[in-house]
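Peer 1: Handing you a structure now.
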Amino acid sequence: MAIVICWLSELELWNFEQLKNTIFWCVSVGFMSLFKLEKIKKDKHFFKHSVLGNLKLLAILQFVVGVYTFALWIEVLLVPVLALLGAMLTIAETDKKHHQVKVVLEYCLSSFGIVLIVYTLYMLMSDFGEFGKEKTAYDFFVPPLLTLCYLPFVFFMLVYSTYEQVFVRLKFSIKSRLHRYAAKFYAFILFNFRLSLLERWSFQVAKASIESHSDLIDTFKYIFKVRHSEKNPKEVPKEQGWSPYKAKEFLVNEGVNTGFYNRSFEDEWFASSPMKEFSDGIIPDKIAYYIEGSEDVVKVLKLRVYVNDASRTDQACEKLEAMAEALSISSLGLPLSDEMKSAISGCNSYSEKVEGKTIALVVKHWPNHEFNGFDLTILISSI
């Protein structure tokens, strides 16, 4: 950032009066973004949203903050305190166990923001002359300008960290040093900035047995073949099952989406969502969505709830019923039958035929579990 600031200063787009705003920006945006690289990696539209969002919201916030200043000793005290609160909030957001801490920190920062805005409004009414100075214009455009200049660095760090993680995993996946070097070279040439393809390839390599150069080349061919299939999905007759690339999106509106549809064995393909927590407690209950089939056709849709404490059975059943209803409508165009809803509410195994498909509820209790845990699975199958 020092280079960027020097460059902006040479262009007369930054001056020493912007030091406070620059420090505030570094703490609130620059420093915090480095802790969120994994989150940024998952957000395909991060850079687009960052440009638009910072030009709208952060610019206004920085503008309000920068118009009037507190006494020097107050600002010297506020900078480390706000930096500490911001860092703690970033860490708290990474784990749901720290939800209460996150709420308290957000309350503290929100309270400070309200105080700041009230103070600024008061100063606008009592000392409007300060608002009309040249410094005000700098206060307005410097923060978004810093953001725009910083985004390339964030992108570079994202690319670097992703390649670093993938190359570390290659040490365990490919025994031959020569093949590892070749894999790194090919990966950089073929995937370059397409990080999702890079990570997908690394997981494929972990499942493959790389004994020769030909085996290595096959892993790249596989990725591009699957990528082509995703972009050009085949139509699947209704009686056979579902298109994999439609099936994996059946619950996306419910906040559940699977990862890539990949081969698990020779003729068996599979995709699963991350487990999503939906209850409180030390060990919360979770739900996950799976699809199984062949390369071109999904034969089984599976929705499973993991109940880690039998005392939360009612809540788990309600969650499963709501999600199963959404899955049934997305996959079959029909809501769940009353009989199936009754089976879910009572945690009783049940099966029925609908539109040539089998819908089943499977209840499996976990033996010797401390809290009498069990799982409930809804299966929609064309087999």
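Residue numbers start at 1 in each chain; chains themselves are named A, B, ... in the order of the structure tokens; ligands are numbered from 1 in the order shown.
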What's the 6 Å shell around Ile287 of chain A, counting only C-alpha atoms, without same-chain residues fewer than 4 positions away, as an MDAnalysis selection string?

Peer 2: chainID A and resid 275:276 304:305

Peer 1: So that I have them on file, write out the residues from the current selection with N, CA and C atoms, as a compact mmCIF listing (two decimals), in the first residue's frame.

Peer 2:
# COMPACT_ATOMS: atom_id res chain seq x y z
N MET A 275 -22.16 -30.12 5.04
CA MET A 275 -23.17 -30.27 6.09
C MET A 275 -23.54 -28.90 6.62
N LYS A 276 -24.83 -28.66 6.71
CA LYS A 276 -25.33 -27.36 7.15
C LYS A 276 -25.96 -27.49 8.53
N ARG A 304 -30.34 -35.99 3.91
CA ARG A 304 -30.13 -36.65 5.21
C ARG A 304 -29.95 -35.63 6.33
N VAL A 305 -30.68 -35.89 7.42
CA VAL A 305 -30.57 -35.08 8.64
C VAL A 305 -29.86 -35.91 9.70

Peer 1: So that I can see what lies close to segment 202-215 of chain A, please list as a VMD selection string the residues with an atom at most 12 Å from it, counting only C-alpha atoms and leaving out residues fewer than 5 positions away in the same chain.

Peer 2: chain A and resid 162 to 184 186 to 187 191 195 to 197 220 to 224 226 259 to 266

Peer 1: Between atom CA of Glu230 of chain A and atom CA of Ser243 of chain A, what distance in Å does the model show, to one decimal?

Peer 2: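 Those two atoms sit 9.9 Å apart.
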
Peer 1: When you look at segment 341-349 of chain A with a cut-off of 7 Å (counting only C-alpha atoms), what residues show up, excluding the ones that are within fewer than 2 positions of it in the same chain? I need them as a PDB file with N, CA and C atoms, in the first residue's frame.

Peer 2:
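Saved file around01.pdb follows:
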ATOM      1  N   CYS A 317     -37.265 -32.993  12.570  1.00  0.00           N
ATOM      2  CA  CYS A 317     -38.314 -33.481  11.665  1.00  0.00           C
ATOM      3  C   CYS A 317     -38.938 -32.336  10.874  1.00  0.00           C
ATOM      4  N   GLU A 321     -38.815 -32.116   6.847  1.00  0.00           N
ATOM      5  CA  GLU A 321     -40.060 -32.028   6.081  1.00  0.00           C
ATOM      6  C   GLU A 321     -40.044 -30.824   5.135  1.00  0.00           C
ATOM      7  N   LEU A 336     -44.897 -33.261  -1.131  1.00  0.00           N
ATOM      8  CA  LEU A 336     -44.914 -34.535  -0.413  1.00  0.00           C
ATOM      9  C   LEU A 336     -46.348 -34.953  -0.111  1.00  0.00           C
ATOM     10  N   SER A 337     -46.569 -36.247  -0.088  1.00  0.00           N
ATOM     11  CA  SER A 337     -47.892 -36.759   0.269  1.00  0.00           C
ATOM     12  C   SER A 337     -48.112 -36.602   1.773  1.00  0.00           C
ATOM     13  N   ASP A 338     -49.374 -36.634   2.180  1.00  0.00           N
ATOM     14  CA  ASP A 338     -49.691 -36.543   3.611  1.00  0.00           C
ATOM     15  C   ASP A 338     -49.106 -37.730   4.369  1.00  0.00           C
ATOM     16  N   GLU A 339     -49.082 -38.896   3.710  1.00  0.00           N
ATOM     17  CA  GLU A 339     -48.537 -40.092   4.360  1.00  0.00           C
ATOM     18  C   GLU A 339     -47.041 -39.931   4.645  1.00  0.00           C
ATOM     19  N   LEU A 361     -38.451 -42.927   3.236  1.00  0.00           N
ATOM     20  CA  LEU A 361     -37.860 -42.363   4.448  1.00  0.00           C
ATOM     21  C   LEU A 361     -37.184 -43.502   5.197  1.00  0.00           C
ATOM     22  N   VAL A 362     -35.907 -43.352   5.453  1.00  0.00           N
ATOM     23  CA  VAL A 362     -35.139 -44.372   6.170  1.00  0.00           C
ATOM     24  C   VAL A 362     -34.679 -43.783   7.501  1.00  0.00           C
ATOM     25  N   VAL A 363     -35.002 -44.476   8.576  1.00  0.00           N
ATOM     26  CA  VAL A 363     -34.612 -44.038   9.920  1.00  0.00           C
ATOM     27  C   VAL A 363     -33.546 -44.989  10.444  1.00  0.00           C
TER      28      VAL A 363
END

Peer 1: One number please: atom CA of Asp267 of chain A to atom CA of Arg194 of chain A, in Å, one decimal.

Peer 2: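 Distance between the two atoms: 27.5 Å.
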
Peer 1: Near Leu105 of chain A, counting only C-alpha atoms, which residues have an atom at most 12 Å away, once you skip same-chain residues fewer than 2 positions from it, shown as number ranges by chain?

Peer 2: A: 81-93, 98-103, 107-112

Peer 1: Write a file of the selected residues as a compact mmCIF listing (two decimals), in the first residue's frame, keeping N, CA and C atoms.

Peer 2:
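Writing done, so here's out.txt:
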# COMPACT_ATOMS: atom_id res chain seq x y z
N VAL A 81 -8.14 0.41 19.22
CA VAL A 81 -9.35 -0.23 19.76
C VAL A 81 -10.22 -0.76 18.63
N LEU A 82 -10.45 0.05 17.60
CA LEU A 82 -11.27 -0.38 16.47
C LEU A 82 -10.58 -1.50 15.69
N ALA A 83 -9.27 -1.43 15.59
CA ALA A 83 -8.53 -2.49 14.90
C ALA A 83 -8.69 -3.81 15.64
N LEU A 84 -8.61 -3.76 16.97
CA LEU A 84 -8.77 -4.97 17.77
C LEU A 84 -10.18 -5.53 17.65
N LEU A 85 -11.18 -4.65 17.73
CA LEU A 85 -12.57 -5.09 17.61
C LEU A 85 -12.82 -5.70 16.23
N GLY A 86 -12.27 -5.07 15.20
CA GLY A 86 -12.45 -5.59 13.84
C GLY A 86 -11.81 -6.95 13.66
N ALA A 87 -10.61 -7.13 14.21
CA ALA A 87 -9.92 -8.42 14.11
C ALA A 87 -10.68 -9.50 14.87
N MET A 88 -11.18 -9.15 16.06
CA MET A 88 -11.95 -10.12 16.85
C MET A 88 -13.23 -10.51 16.14
N LEU A 89 -13.88 -9.54 15.48
CA LEU A 89 -15.11 -9.83 14.75
C LEU A 89 -14.84 -10.77 13.58
N THR A 90 -13.75 -10.54 12.88
CA THR A 90 -13.39 -11.41 11.74
C THR A 90 -13.17 -12.84 12.20
N ILE A 91 -12.50 -13.01 13.33
CA ILE A 91 -12.25 -14.35 13.87
C ILE A 91 -13.56 -14.98 14.34
N ALA A 92 -14.42 -14.19 14.99
CA ALA A 92 -15.69 -14.71 15.51
C ALA A 92 -16.60 -15.18 14.38
N GLU A 93 -16.51 -14.54 13.21
CA GLU A 93 -17.36 -14.91 12.07
C GLU A 93 -16.99 -16.25 11.47
N HIS A 98 -18.88 -18.99 18.25
CA HIS A 98 -18.60 -17.66 18.78
C HIS A 98 -19.70 -16.67 18.41
N HIS A 99 -20.90 -17.18 18.16
CA HIS A 99 -22.00 -16.32 17.69
C HIS A 99 -22.30 -15.20 18.70
N GLN A 100 -22.34 -15.54 19.98
CA GLN A 100 -22.65 -14.53 21.00
C GLN A 100 -21.58 -13.43 21.03
N VAL A 101 -20.33 -13.84 20.90
CA VAL A 101 -19.24 -12.86 20.86
C VAL A 101 -19.40 -11.96 19.63
N LYS A 102 -19.75 -12.58 18.50
CA LYS A 102 -19.95 -11.82 17.26
C LYS A 102 -21.05 -10.77 17.44
N VAL A 103 -22.14 -11.15 18.10
CA VAL A 103 -23.25 -10.22 18.33
C VAL A 103 -22.80 -9.03 19.17
N TYR A 107 -22.51 -5.16 18.00
CA TYR A 107 -23.23 -4.13 18.75
C TYR A 107 -22.29 -2.98 19.10
N CYS A 108 -21.07 -3.32 19.53
CA CYS A 108 -20.09 -2.28 19.89
C CYS A 108 -19.74 -1.41 18.68
N LEU A 109 -19.47 -2.07 17.55
CA LEU A 109 -19.10 -1.33 16.35
C LEU A 109 -20.27 -0.51 15.82
N SER A 110 -21.47 -1.08 15.90
CA SER A 110 -22.66 -0.34 15.45
C SER A 110 -22.89 0.88 16.33
N SER A 111 -22.70 0.70 17.63
CA SER A 111 -22.89 1.82 18.56
C SER A 111 -21.90 2.93 18.26
N PHE A 112 -20.65 2.54 17.99
CA PHE A 112 -19.65 3.55 17.65
C PHE A 112 -20.03 4.27 16.36

Peer 1: Taking only segment 125-248 of chain A into account, list the residues labelled alpha helix (DSSP H) by DSSP (computed from the backbone), as an MDAnalysis selection string.

Peer 2: chainID A and resid 125:126 134:173 177:191 195:207 213:231 244:247

Peer 1: Write out, as an mmCIF file, in the first residue's frame, the residues just selected, with C-alpha atoms.

Peer 2:
data_model
loop_
_atom_site.group_PDB
_atom_site.id
_atom_site.type_symbol
_atom_site.label_atom_id
_atom_site.label_comp_id
_atom_site.auth_asym_id
_atom_site.auth_seq_id
_atom_site.Cartn_x
_atom_site.Cartn_y
_atom_site.Cartn_z
ATOM 1 C CA MET A 125 -25.230 21.977 11.653
ATOM 2 C CA SER A 126 -22.852 23.923 13.872
ATOM 3 C CA GLU A 134 -10.989 21.009 -0.464
ATOM 4 C CA LYS A 135 -10.186 18.314 2.083
ATOM 5 C CA THR A 136 -13.796 17.149 1.907
ATOM 6 C CA ALA A 137 -13.390 16.166 -1.738
ATOM 7 C CA TYR A 138 -10.303 14.117 -0.855
ATOM 8 C CA ASP A 139 -12.229 12.477 1.974
ATOM 9 C CA PHE A 140 -14.845 11.394 -0.528
ATOM 10 C CA PHE A 141 -12.785 9.844 -3.330
ATOM 11 C CA VAL A 142 -9.621 8.566 -1.582
ATOM 12 C CA PRO A 143 -11.156 5.496 0.191
ATOM 13 C CA PRO A 144 -12.772 3.982 -2.939
ATOM 14 C CA LEU A 145 -9.622 4.813 -4.879
ATOM 15 C CA LEU A 146 -7.552 2.883 -2.330
ATOM 16 C CA THR A 147 -9.946 -0.043 -2.673
ATOM 17 C CA LEU A 148 -9.671 -0.126 -6.449
ATOM 18 C CA CYS A 149 -5.884 -0.062 -6.222
ATOM 19 C CA TYR A 150 -5.871 -2.764 -3.536
ATOM 20 C CA LEU A 151 -8.053 -5.327 -5.342
ATOM 21 C CA PRO A 152 -5.246 -6.539 -7.659
ATOM 22 C CA PHE A 153 -3.152 -7.340 -4.577
ATOM 23 C CA VAL A 154 -6.043 -9.284 -3.025
ATOM 24 C CA PHE A 155 -6.427 -11.211 -6.276
ATOM 25 C CA PHE A 156 -2.704 -11.977 -6.354
ATOM 26 C CA MET A 157 -2.798 -13.226 -2.747
ATOM 27 C CA LEU A 158 -5.835 -15.356 -3.550
ATOM 28 C CA VAL A 159 -4.124 -16.956 -6.541
ATOM 29 C CA TYR A 160 -0.870 -17.451 -4.643
ATOM 30 C CA SER A 161 -2.502 -19.030 -1.574
ATOM 31 C CA THR A 162 -4.621 -21.368 -3.712
ATOM 32 C CA TYR A 163 -1.662 -22.605 -5.743
ATOM 33 C CA GLU A 164 0.364 -22.981 -2.552
ATOM 34 C CA GLN A 165 -2.327 -25.171 -0.958
ATOM 35 C CA VAL A 166 -2.728 -27.280 -4.093
ATOM 36 C CA PHE A 167 1.017 -27.781 -4.532
ATOM 37 C CA VAL A 168 1.375 -28.851 -0.896
ATOM 38 C CA ARG A 169 -1.315 -31.498 -1.441
ATOM 39 C CA LEU A 170 0.537 -32.764 -4.506
ATOM 40 C CA LYS A 171 3.366 -33.949 -2.248
ATOM 41 C CA PHE A 172 0.999 -36.549 -0.831
ATOM 42 C CA SER A 173 -0.785 -37.355 -4.103
ATOM 43 C CA ARG A 177 9.239 -35.614 -7.940
ATOM 44 C CA LEU A 178 9.491 -35.383 -11.737
ATOM 45 C CA HIS A 179 5.755 -35.924 -12.132
ATOM 46 C CA ARG A 180 5.073 -33.347 -9.412
ATOM 47 C CA TYR A 181 7.116 -30.730 -11.242
ATOM 48 C CA ALA A 182 5.309 -31.586 -14.474
ATOM 49 C CA ALA A 183 1.939 -31.396 -12.701
ATOM 50 C CA LYS A 184 2.718 -27.930 -11.326
ATOM 51 C CA PHE A 185 3.834 -26.684 -14.727
ATOM 52 C CA TYR A 186 0.800 -28.075 -16.563
ATOM 53 C CA ALA A 187 -1.571 -26.805 -13.859
ATOM 54 C CA PHE A 188 -0.272 -23.261 -14.103
ATOM 55 C CA ILE A 189 -0.366 -23.272 -17.911
ATOM 56 C CA LEU A 190 -3.783 -24.921 -18.277
ATOM 57 C CA PHE A 191 -5.670 -23.435 -15.326
ATOM 58 C CA LEU A 195 -8.943 -21.445 -9.419
ATOM 59 C CA SER A 196 -12.076 -23.589 -9.196
ATOM 60 C CA LEU A 197 -10.740 -25.850 -11.956
ATOM 61 C CA LEU A 198 -7.357 -25.973 -10.225
ATOM 62 C CA GLU A 199 -8.860 -27.120 -6.931
ATOM 63 C CA ARG A 200 -11.135 -29.605 -8.644
ATOM 64 C CA TRP A 201 -8.146 -31.076 -10.455
ATOM 65 C CA SER A 202 -6.172 -31.362 -7.202
ATOM 66 C CA PHE A 203 -8.937 -33.444 -5.611
ATOM 67 C CA GLN A 204 -9.075 -35.648 -8.704
ATOM 68 C CA VAL A 205 -5.313 -36.188 -8.501
ATOM 69 C CA ALA A 206 -5.703 -37.228 -4.860
ATOM 70 C CA LYS A 207 -8.082 -40.007 -5.925
ATOM 71 C CA HIS A 213 3.139 -39.192 -17.333
ATOM 72 C CA SER A 214 0.122 -40.610 -19.146
ATOM 73 C CA ASP A 215 -1.754 -40.976 -15.842
ATOM 74 C CA LEU A 216 -1.031 -37.338 -15.086
ATOM 75 C CA ILE A 217 -2.294 -36.168 -18.481
ATOM 76 C CA ASP A 218 -5.484 -38.187 -17.964
ATOM 77 C CA THR A 219 -6.327 -36.133 -14.865
ATOM 78 C CA PHE A 220 -6.261 -32.938 -16.913
ATOM 79 C CA LYS A 221 -8.305 -34.529 -19.702
ATOM 80 C CA TYR A 222 -10.879 -35.633 -17.147
ATOM 81 C CA ILE A 223 -11.315 -32.112 -15.749
ATOM 82 C CA PHE A 224 -11.833 -30.517 -19.144
ATOM 83 C CA LYS A 225 -14.171 -33.311 -20.233
ATOM 84 C CA VAL A 226 -16.341 -32.833 -17.155
ATOM 85 C CA ARG A 227 -16.204 -29.075 -17.585
ATOM 86 C CA HIS A 228 -17.479 -29.460 -21.154
ATOM 87 C CA SER A 229 -20.310 -31.701 -19.943
ATOM 88 C CA GLU A 230 -21.335 -29.099 -17.375
ATOM 89 C CA LYS A 231 -21.502 -26.379 -19.988
ATOM 90 C CA PRO A 244 -26.638 -34.078 -12.788
ATOM 91 C CA TYR A 245 -26.215 -30.378 -13.384
ATOM 92 C CA LYS A 246 -29.874 -29.699 -12.663
ATOM 93 C CA ALA A 247 -30.112 -32.109 -9.733
#

Peer 1: To one decimal place in Å, what is the distance between atom CA of Leu334 of chain A and atom CA of Asp285 of chain A?

Peer 2: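 Between atom CA of Leu334 of chain A and atom CA of Asp285 of chain A the gap is 27.2 Å.
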
Peer 1: DSSP on the backbone: which residues in segment 159-319 of chain A end up as strand (DSSP E or B)? Give the answer as a PyMOL selection string.

Peer 2: chain A and resi 242+262-263+269-272+276-277+286-293+298-307
